[in-house]
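What follows is a set of notes on a single structure, which appears directly below.
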Amino acid sequence: TVPVEVRCPRGSEAVRGGYQVLSNPGDVFPVGSLRVNKRTWEVQFGVEGDGQVTAYAYCDKSEPGLKVKSDLATGTEDTPETVEAKCKRKQQLRSGGFDAEYDEGQFDGAVVTDSRRDGRRRWEITAFPFAETPTVAAYAYCEKKPKKKN
């Protein structure tokens with residue numbers, strides 16, 4: 001896989017990220033989009049030809065102190081797998097991400113076809129495995145709910 005990292009400036013925190021495939025989508029496909037540390041968002045791509053991509057990080061100067069919740073699943077070849085990561089009750093979902101196992105040499109792994117918010121506290125991904133038992137992960141980036149003003 002090819003990782004592309006975007007780092008937020010000092011005094012800010014990476015709260016979400018994304019990517020844009022600028023070439024033939026069949027040549028480059030995302031297998032991961034996740035926060036790797038407080039200031040860095042990483043997008044990982046499988047490459048099967050020539051490709052060009054842009055990765056994005058959205059930075060927050062208020063440094064909300066996001067907590068990471070995750071869930072893993074091992075898929076079965078040719079059967080879509082849905083994985084959901086959930087924030088605690090006293091937290092709110094700020095963003096989410098995913099990671100899918102992929103081996104370029106063997107063209108084995110999974111392709112994430114959906115990565116999105118599912119309700120107030122959950123981030124859900126759907127992956128389509130094209131290997132025997134690839135592992136996929138969903139990530140929820142959570143922050144404390146603001147206190148209600150009276």
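Chain lettering (A, B, ...) mirrors the order of the structure tokens, residue numbering begins at 1 for each chain separately, and ligand numbering begins at 1 in order of display.
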
Selection near Gln52 in chain A, 9 Å with only C-alpha atoms, sequence-local residues under 3 positions removed, as a PDB file with N, CA and C atoms, in the first residue's frame:
```pdb
ATOM      1  N   GLN A  20      -9.125  12.413  -2.469  1.00  0.00           N
ATOM      2  CA  GLN A  20      -9.705  12.518  -3.802  1.00  0.00           C
ATOM      3  C   GLN A  20      -8.784  11.757  -4.752  1.00  0.00           C
ATOM      4  N   VAL A  21      -9.350  10.819  -5.506  1.00  0.00           N
ATOM      5  CA  VAL A  21      -8.598  10.095  -6.521  1.00  0.00           C
ATOM      6  C   VAL A  21      -8.663  10.930  -7.794  1.00  0.00           C
ATOM      7  N   LEU A  22      -7.509  11.348  -8.289  1.00  0.00           N
ATOM      8  CA  LEU A  22      -7.442  12.257  -9.431  1.00  0.00           C
ATOM      9  C   LEU A  22      -7.179  11.536 -10.749  1.00  0.00           C
ATOM     10  N   SER A  23      -7.071  10.215 -10.705  1.00  0.00           N
ATOM     11  CA  SER A  23      -6.803   9.444 -11.911  1.00  0.00           C
ATOM     12  C   SER A  23      -7.842   8.339 -12.033  1.00  0.00           C
ATOM     13  N   ASN A  24      -7.607   7.393 -12.878  1.00  0.00           N
ATOM     14  CA  ASN A  24      -8.524   6.271 -13.077  1.00  0.00           C
ATOM     15  C   ASN A  24      -8.758   5.546 -11.752  1.00  0.00           C
ATOM     16  N   VAL A  28      -6.127   3.120  -8.611  1.00  0.00           N
ATOM     17  CA  VAL A  28      -5.840   3.518  -7.239  1.00  0.00           C
ATOM     18  C   VAL A  28      -7.136   3.401  -6.441  1.00  0.00           C
TER      19      VAL A  28
END
```

*Please provide the set of residues having any atom within 7 Å of range 62-76 of chain A, restricted to only C-alpha atoms, with same-chain residues fewer than 2 positions apart removed, written as a VMD selection string.*
chain A and resid 12 to 13 60 78 to 79 81 83 to 87 129 132 to 143

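You will find CA of Ala131 in chain A at 13.8 Å from CA of Val31 in chain A.
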
Could you list, with a cut-off of 12 Å and counting only C-alpha atoms, the residues of range 68-112 of chain A near range 39-43 of chain A, each shown with its nearest atom pair and the distance in Å rounded to one decimal, rows sorted by chain and ascending number, as a Markdown table?
```
| residue | atom | partner | partner_atom | distance |
| --- | --- | --- | --- | --- |
| A:Ser95 | CA | A:Trp41 | CA | 11.8 |
| A:Gly96 | CA | A:Trp41 | CA | 11.2 |
| A:Gly97 | CA | A:Val43 | CA | 9.5 |
| A:Phe98 | CA | A:Val43 | CA | 9.4 |
| A:Asp99 | CA | A:Val43 | CA | 9.1 |
| A:Ala100 | CA | A:Val43 | CA | 11.2 |
```

Any chance you can output those residues with N, CA and C atoms as a compact mmCIF listing (two decimals), in the first residue's frame?
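The new file out-v5.txt reads:
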```
# COMPACT_ATOMS: atom_id res chain seq x y z
N SER A 95 -16.06 12.38 13.89
CA SER A 95 -15.76 11.86 12.55
C SER A 95 -15.46 10.38 12.66
N GLY A 96 -15.05 9.78 11.56
CA GLY A 96 -14.73 8.35 11.56
C GLY A 96 -13.72 8.01 10.49
N GLY A 97 -13.34 6.76 10.47
CA GLY A 97 -12.38 6.30 9.49
C GLY A 97 -12.43 4.80 9.34
N PHE A 98 -11.51 4.27 8.54
CA PHE A 98 -11.48 2.84 8.27
C PHE A 98 -10.09 2.38 7.91
N ASP A 99 -9.90 1.07 8.01
CA ASP A 99 -8.65 0.43 7.61
C ASP A 99 -9.01 -0.97 7.13
N ALA A 100 -8.48 -1.36 6.00
CA ALA A 100 -8.76 -2.68 5.43
C ALA A 100 -7.45 -3.37 5.08
```

*Enumerate the residues of range 7-150 of chain A with a DSSP assignment of strand (DSSP E or B), computed from the backbone, and present them as a ChimeraX atom specification.*
/A:7,13-21,28-37,40-47,53-60,67-74,76,79,81-86,91-100,102-103,108-117,122-129,135-144

*Could you please determine the separation between CA of Ala57 in chain A and CA of Arg10 in chain A in Å, to one decimal place?*
13.5 Å

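Minimum distance to Gly119 in chain A across A:Leu93, A:Val6, A:Val47, A:Asp27 (counting only C-alpha atoms) occurs at A:Leu93.
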